[in-house]
Amino acid sequence: MSKNVIYSINGPVVTVKDATNLSMLEMVYVGEKKLMGEVISIKKEATTIQVYESTIGLQPGEPVYPSHQPIQVTLGPGILRNIFDGIERPLKAIAKQSGAFIETGSNVPALDEEALWNVTLQVKCGDRVSGGMIYATLPETDLIEHRCMVPPYMEGEVVWCAENGSYHLNDEIVKIKSEDGSIHCLTLCQKWPIKTARPVKERLPLQIPLVTGQRIFDTLFPIAKGGTAAIPGGFGTGKTMTQHQLAKWCDADIIVYVGCGERGNEMTQVLEEFSELIDPKSQKPLTDRTVLIANTSNMPVAAREASIYTGLTLAEYYRDMGYHVAIMADSTSRWAEALREISGRLEEMPAEEGFPAYLPSRISQFYERAGYMKTLNNAEGSVSIIGAVSPQGADFSEPVTQNTKRFVRCFWALDKQLAYARHYFAINWNDSYSEYINDLNRWYQRHVGSRFLSNRQQLMALLAEETKLMEIVKLIGSDVLPDDQKLVIEISKLIRVGYLQQNAFHCEDTYVPLEKQLKMMDVILYLYKQSKTILAQGKPMSLIIKTGIFDKVVKMKYDVPNNNIAKLDEYAGMIDAALDTIE
């Protein structure tokens, strides 16, 4: 029987008096049902625990059991294709055992311990191994090879190996003798604390883009592999749909989708859609390279905070194997609200809008775990973080958005007016930015062409000029503008509708390779250049519009298939022929 007993209960916050054997951030089991909790404050007179499960029915006097270890997750084969809650409990297995709702104190193993995996050993007796080295491989899914790694900070000599064959998750397959003579047994899985970043050998510069096939991202606001991006937007502006499209098409090897505090029906839609999606690159189910973490708004609020760290730890584990991982966190605002609620129950001094004073440091700790790394086994892997932010009333001056802006280098601001106008993606090109342009310059020059970024600059300049001109148009109308400024407005409309707006349901437009993006920009800028020449000859803008060439160029995103990009070269002749008809 534990000497520690519950003194008071305040929602998910439980206090224990005179506890002497509990340590900071230790995982504990609370009450007779052994609810999972974590020590978050220790004072001489009382220890405070946040419970990651519902505390309904919990009473003072019930025991609190120490575990003498931090909150941790199980890392091993079976993570992919799975759906977990915020503390890595498998929702499919729980549903089979207890139905649609999770029972408190549910003790289902995170990974299937009965499944057999076809293991190939990569070491032999007498080999020296150290942390991060791969000692076994197995096909986790049709797309991803799972690489079992020696836990960090462990090294020694292999003294025993199992034969290649089929093994369960907890079967011993390798034994290592360390320098002090102790024997360590390695299975197919390991544990790792979620709030501790996994170690790497070196953090590398971010010089390779995360190619998404979405023009507004790849062209105007690119993100690097290992980079960070925020997608702030009000209700209904398309944060979740944007993350779905990025998850489906970006060139990351593995996707970790964290539904943090979102509506249950929305999360259900995510789970159903992901299970039906086909990976466009391999024609296999997208779930073969996806792990979903579902912590909906009706689940315990404390577990919402843990879900972010759980997703990060799973991503770092696959990064250490040498994979490129993208995390979709939807939404970090709900995570911040969980911090605020727990902070309020702890009676901490609130900062702006009631959020705790440590909100900026928590946000920075989250985004700083992204990066492009050289792993302990000398492979290269990355974790890219794309976090949705849900400011109330689409107010970007609120604390979560402003603090997120400090720590990310990509800011994709969603616009309510664009969303209601069915402009997809509804990203406002005036409020958004990417700080990765200079870092990615060399890659774009080498792989796409030196024109790519110069074309981008010209497009951005035209859009910025259009914004200024539209202020004048609102006041006095467009008729008073000179023809060269009318041309800027028409070309900018072409850029917005024909280039930035993308149709996720059109087979040729849902994904666009970089080569096609470059040639589409070439066509638009060639039309602008030739139209300026016509205007310089004293001919009015109205005659250029009457040729219908603008309408033809707008439709090139549908008319030119991705497997015949060379067809875009014909547009220069088409533009010249149309403009030659002007008398």
# chains A, B, ... in the order shown; residues from 1 in each chain; ligands from 1
call {"tool": "residues_around", "arguments": {"residues": "range 282-297 of chain A", "least_positions_apart": "5", "cutoff": "6 Å", "atoms": "only C-alpha atoms", "output": "list in words"}}
result
Leu80, Arg81, Asn82, Ile83, Phe84, Asp85, Gly86, Thr141, Ile254, Ile255, Val256, Tyr257, Val258, Gly259, Cys260, Gly261, Glu262, Arg263, Gly264 and Leu277 of chain A
call {"tool": "write_last_selection", "arguments": {"atoms": "all heavy atoms", "output": "short mmCIF file (atom, residue, chain, number, x, y, z; two decimals), in the first residue's frame"}}
result
data_model
loop_
_atom_site.label_atom_id
_atom_site.label_comp_id
_atom_site.auth_asym_id
_atom_site.auth_seq_id
_atom_site.Cartn_x
_atom_site.Cartn_y
_atom_site.Cartn_z
N LEU A 80 3.10 3.06 -36.94
CA LEU A 80 2.44 3.47 -38.17
C LEU A 80 1.14 2.70 -38.35
O LEU A 80 1.00 1.57 -37.88
CB LEU A 80 3.37 3.25 -39.37
CG LEU A 80 4.67 4.06 -39.36
CD1 LEU A 80 5.49 3.75 -40.59
CD2 LEU A 80 4.39 5.55 -39.28
N ARG A 81 0.19 3.32 -39.03
CA ARG A 81 -1.18 2.81 -39.25
C ARG A 81 -2.02 2.88 -37.98
O ARG A 81 -3.20 2.55 -38.00
CB ARG A 81 -1.19 1.36 -39.74
CG ARG A 81 -0.62 1.13 -41.12
CD ARG A 81 -0.89 -0.32 -41.52
NE ARG A 81 -0.37 -0.63 -42.85
CZ ARG A 81 0.20 -1.78 -43.16
NH1 ARG A 81 0.34 -2.71 -42.25
NH2 ARG A 81 0.64 -2.01 -44.39
N ASN A 82 -1.44 3.30 -36.86
CA ASN A 82 -2.16 3.26 -35.59
C ASN A 82 -2.78 4.62 -35.28
O ASN A 82 -2.40 5.64 -35.84
CB ASN A 82 -1.23 2.84 -34.45
CG ASN A 82 -1.92 1.92 -33.47
OD1 ASN A 82 -3.11 2.03 -33.22
ND2 ASN A 82 -1.17 0.98 -32.90
N ILE A 83 -3.74 4.62 -34.36
CA ILE A 83 -4.37 5.84 -33.86
C ILE A 83 -4.26 5.82 -32.34
O ILE A 83 -4.73 4.89 -31.69
CB ILE A 83 -5.85 5.92 -34.27
CG1 ILE A 83 -6.00 5.81 -35.80
CG2 ILE A 83 -6.48 7.21 -33.78
CD1 ILE A 83 -7.43 5.60 -36.25
N PHE A 84 -3.60 6.84 -31.78
CA PHE A 84 -3.38 6.91 -30.34
C PHE A 84 -4.12 8.12 -29.76
O PHE A 84 -4.44 9.07 -30.48
CB PHE A 84 -1.89 7.07 -30.03
CG PHE A 84 -1.02 5.95 -30.54
CD1 PHE A 84 -0.23 6.12 -31.66
CD2 PHE A 84 -0.99 4.73 -29.89
CE1 PHE A 84 0.57 5.10 -32.14
CE2 PHE A 84 -0.19 3.69 -30.34
CZ PHE A 84 0.59 3.88 -31.48
N ASP A 85 -4.34 8.08 -28.44
CA ASP A 85 -4.77 9.31 -27.77
C ASP A 85 -3.52 10.08 -27.32
O ASP A 85 -2.40 9.72 -27.70
CB ASP A 85 -5.72 8.99 -26.61
CG ASP A 85 -5.02 8.39 -25.39
OD1 ASP A 85 -3.83 8.02 -25.51
OD2 ASP A 85 -5.65 8.31 -24.33
N GLY A 86 -3.69 11.10 -26.52
CA GLY A 86 -2.57 11.98 -26.18
C GLY A 86 -1.46 11.34 -25.37
O GLY A 86 -0.34 11.85 -25.34
N THR A 141 5.52 -1.46 -42.66
CA THR A 141 4.42 -1.40 -43.63
C THR A 141 5.02 -1.65 -45.01
O THR A 141 6.23 -1.86 -45.14
CB THR A 141 3.73 -0.01 -43.61
OG1 THR A 141 4.63 0.96 -44.15
CG2 THR A 141 3.33 0.41 -42.21
N ILE A 254 7.26 10.32 -43.69
CA ILE A 254 6.29 9.92 -42.67
C ILE A 254 5.53 11.15 -42.19
O ILE A 254 6.13 12.23 -42.03
CB ILE A 254 7.01 9.22 -41.48
CG1 ILE A 254 7.53 7.85 -41.94
CG2 ILE A 254 6.08 9.05 -40.28
CD1 ILE A 254 8.47 7.20 -40.98
N ILE A 255 4.24 10.99 -41.95
CA ILE A 255 3.39 12.07 -41.45
C ILE A 255 2.91 11.72 -40.04
O ILE A 255 2.41 10.62 -39.81
CB ILE A 255 2.16 12.28 -42.36
CG1 ILE A 255 2.59 12.59 -43.80
CG2 ILE A 255 1.28 13.39 -41.81
CD1 ILE A 255 3.34 13.86 -43.99
N VAL A 256 3.08 12.66 -39.11
CA VAL A 256 2.50 12.53 -37.77
C VAL A 256 1.44 13.61 -37.65
O VAL A 256 1.75 14.80 -37.66
CB VAL A 256 3.57 12.70 -36.67
CG1 VAL A 256 2.91 12.61 -35.29
CG2 VAL A 256 4.66 11.65 -36.81
N TYR A 257 0.18 13.20 -37.55
CA TYR A 257 -0.93 14.15 -37.46
C TYR A 257 -1.43 14.18 -36.02
O TYR A 257 -1.90 13.16 -35.50
CB TYR A 257 -2.06 13.77 -38.42
CG TYR A 257 -3.12 14.83 -38.54
CD1 TYR A 257 -3.09 15.76 -39.57
CD2 TYR A 257 -4.14 14.92 -37.61
CE1 TYR A 257 -4.06 16.74 -39.68
CE2 TYR A 257 -5.11 15.90 -37.70
CZ TYR A 257 -5.07 16.81 -38.74
OH TYR A 257 -6.03 17.80 -38.83
N VAL A 258 -1.32 15.34 -35.37
CA VAL A 258 -1.74 15.48 -33.97
C VAL A 258 -2.99 16.33 -33.93
O VAL A 258 -2.95 17.54 -34.19
CB VAL A 258 -0.64 16.13 -33.11
CG1 VAL A 258 -1.07 16.20 -31.65
CG2 VAL A 258 0.68 15.38 -33.25
N GLY A 259 -4.13 15.71 -33.63
CA GLY A 259 -5.38 16.46 -33.44
C GLY A 259 -5.49 16.84 -31.98
O GLY A 259 -5.85 16.02 -31.14
N CYS A 260 -5.17 18.08 -31.67
CA CYS A 260 -5.03 18.52 -30.27
C CYS A 260 -6.20 19.42 -29.89
O CYS A 260 -6.21 20.61 -30.24
CB CYS A 260 -3.70 19.26 -30.12
SG CYS A 260 -3.41 19.89 -28.46
N GLY A 261 -7.19 18.86 -29.21
CA GLY A 261 -8.31 19.67 -28.71
C GLY A 261 -9.30 20.07 -29.78
O GLY A 261 -10.11 20.97 -29.57
N GLU A 262 -9.27 19.41 -30.95
CA GLU A 262 -10.22 19.75 -32.01
C GLU A 262 -11.57 19.07 -31.76
O GLU A 262 -11.69 18.17 -30.95
CB GLU A 262 -9.66 19.33 -33.37
CG GLU A 262 -8.52 20.21 -33.85
CD GLU A 262 -8.93 21.67 -33.95
OE1 GLU A 262 -9.79 22.01 -34.77
OE2 GLU A 262 -8.39 22.50 -33.19
N ARG A 263 -12.58 19.51 -32.50
CA ARG A 263 -13.93 18.94 -32.34
C ARG A 263 -13.92 17.46 -32.70
O ARG A 263 -13.24 17.05 -33.64
CB ARG A 263 -14.92 19.69 -33.23
CG ARG A 263 -15.07 21.14 -32.87
CD ARG A 263 -16.05 21.85 -33.80
NE ARG A 263 -15.57 21.90 -35.17
CZ ARG A 263 -14.68 22.77 -35.62
NH1 ARG A 263 -14.15 23.65 -34.79
NH2 ARG A 263 -14.30 22.76 -36.88
N GLY A 264 -14.72 16.70 -31.98
CA GLY A 264 -14.74 15.25 -32.19
C GLY A 264 -15.19 14.87 -33.59
O GLY A 264 -14.61 13.97 -34.22
N LEU A 277 -7.48 7.54 -48.10
CA LEU A 277 -6.57 8.19 -49.04
C LEU A 277 -5.52 7.22 -49.56
O LEU A 277 -5.02 6.36 -48.83
CB LEU A 277 -5.87 9.38 -48.39
CG LEU A 277 -6.73 10.63 -48.13
CD1 LEU A 277 -5.92 11.66 -47.37
CD2 LEU A 277 -7.24 11.21 -49.43
#
call {"tool": "closest_atom_pairs", "arguments": {"of": "range 290-360 of chain A", "to": "range 201-225 of chain A", "cutoff": "9 Å", "atoms": "only C-alpha atoms", "output": "Markdown table"}}
result
| residue | atom | partner | partner_atom | distance |
| --- | --- | --- | --- | --- |
| A:His324 | CA | A:Lys225 | CA | 7.5 |
| A:Val325 | CA | A:Lys225 | CA | 8.6 |
| A:Ala326 | CA | A:Lys225 | CA | 8.4 |
call {"tool": "closest_residue", "arguments": {"among": "A:Ala336, A:Ile144, A:Val16, A:Val174", "to": "Tyr358 in chain A", "atoms": "only C-alpha atoms"}}
result
A:Ala336
call {"tool": "residues_around", "arguments": {"residues": "Ser41 in chain A", "least_positions_apart": "4", "cutoff": "10 Å", "atoms": "only C-alpha atoms", "output": "PyMOL selection string"}}
result
chain A and resi 15+23-25+46-50+346
call {"tool": "select_by_dssp", "arguments": {"residues": "range 378-520 of chain A", "states": "alpha helix (DSSP H)", "output": "JSON, numbers by chain"}}
result
{"A": [399, 400, 401, 402, 403, 404, 405, 406, 407, 416, 417, 418, 419, 420, 437, 438, 439, 440, 441, 442, 443, 444, 445, 446, 447, 451, 452, 453, 454, 455, 456, 457, 458, 459, 460, 461, 462, 463, 464, 465, 466, 467, 468, 469, 470, 471, 472, 473, 474, 475, 476, 483, 484, 485, 486, 487, 488, 489, 490, 491, 492, 493, 494, 514, 515, 516, 517, 518, 519, 520]}
call {"tool": "closest_residue", "arguments": {"among": "A:Val488, A:Pro90, A:Thr104, A:Gly78", "to": "Leu169 in chain A", "atoms": "only C-alpha atoms"}}
result
A:Gly78
call {"tool": "atom_distance", "arguments": {"atom1": "CA of Tyr436 in chain A", "atom2": "CA of Asn378 in chain A"}}
result
25.0 Å
call {"tool": "closest_residue", "arguments": {"among": "A:Ala95, A:Ile437, A:Ala162, A:Leu579", "to": "Ser542 in chain A", "atoms": "only C-alpha atoms"}}
result
A:Leu579
call {"tool": "atom_distance", "arguments": {"atom1": "CA of Asp18 in chain A", "atom2": "CA of Ser106 in chain A"}}
result
28.3 Å
call {"tool": "atom_distance", "arguments": {"atom1": "CA of Glu490 in chain A", "atom2": "CA of Tyr424 in chain A"}}
result
19.6 Å
call {"tool": "residues_around", "arguments": {"residues": "Ala230 in chain A", "least_positions_apart": "6", "cutoff": "6 Å", "atoms": "only C-alpha atoms", "output": "ChimeraX atom specification"}}
result
/A:386-388,411
call {"tool": "write_last_selection", "arguments": {"atoms": "all heavy atoms", "output": "JSON list (two decimals), in the first residue's frame"}}
result
[["chain", "number", "residue", "atom", "x", "y", "z"],
["A", 386, "ILE", "N", 4.49, 21.82, -38.72],
["A", 386, "ILE", "CA", 3.50, 22.75, -39.28],
["A", 386, "ILE", "C", 2.34, 22.82, -38.29],
["A", 386, "ILE", "O", 1.56, 21.87, -38.17],
["A", 386, "ILE", "CB", 3.03, 22.28, -40.67],
["A", 386, "ILE", "CG1", 4.23, 22.22, -41.64],
["A", 386, "ILE", "CG2", 1.95, 23.21, -41.20],
["A", 386, "ILE", "CD1", 3.93, 21.56, -42.96],
["A", 387, "GLY", "N", 2.27, 23.92, -37.56],
["A", 387, "GLY", "CA", 1.27, 24.04, -36.49],
["A", 387, "GLY", "C", 0.16, 25.00, -36.87],
["A", 387, "GLY", "O", 0.41, 26.12, -37.31],
["A", 388, "ALA", "N", -1.08, 24.55, -36.72],
["A", 388, "ALA", "CA", -2.23, 25.44, -36.93],
["A", 388, "ALA", "C", -2.46, 26.26, -35.67],
["A", 388, "ALA", "O", -2.26, 25.77, -34.55],
["A", 388, "ALA", "CB", -3.47, 24.62, -37.27],
["A", 411, "PHE", "N", 5.14, 31.86, -42.01],
["A", 411, "PHE", "CA", 3.87, 32.33, -41.46],
["A", 411, "PHE", "C", 2.87, 32.36, -42.60],
["A", 411, "PHE", "O", 2.96, 33.19, -43.49],
["A", 411, "PHE", "CB", 4.07, 33.72, -40.84],
["A", 411, "PHE", "CG", 2.92, 34.19, -39.98],
["A", 411, "PHE", "CD1", 2.74, 33.65, -38.72],
["A", 411, "PHE", "CD2", 2.06, 35.17, -40.43],
["A", 411, "PHE", "CE1", 1.70, 34.09, -37.91],
["A", 411, "PHE", "CE2", 1.01, 35.61, -39.63],
["A", 411, "PHE", "CZ", 0.83, 35.08, -38.36]]
call {"tool": "closest_residue", "arguments": {"among": "A:Leu500, A:Val28, A:Ile79, A:Met373", "to": "Gly322 in chain A", "atoms": "only C-alpha atoms"}}
result
A:Met373
call {"tool": "residues_around", "arguments": {"residues": "Ser390 in chain A", "least_positions_apart": "4", "cutoff": "8 Å", "atoms": "only C-alpha atoms", "output": "MDAnalysis selection string"}}
result
chainID A and resid 232:235 331:334 394
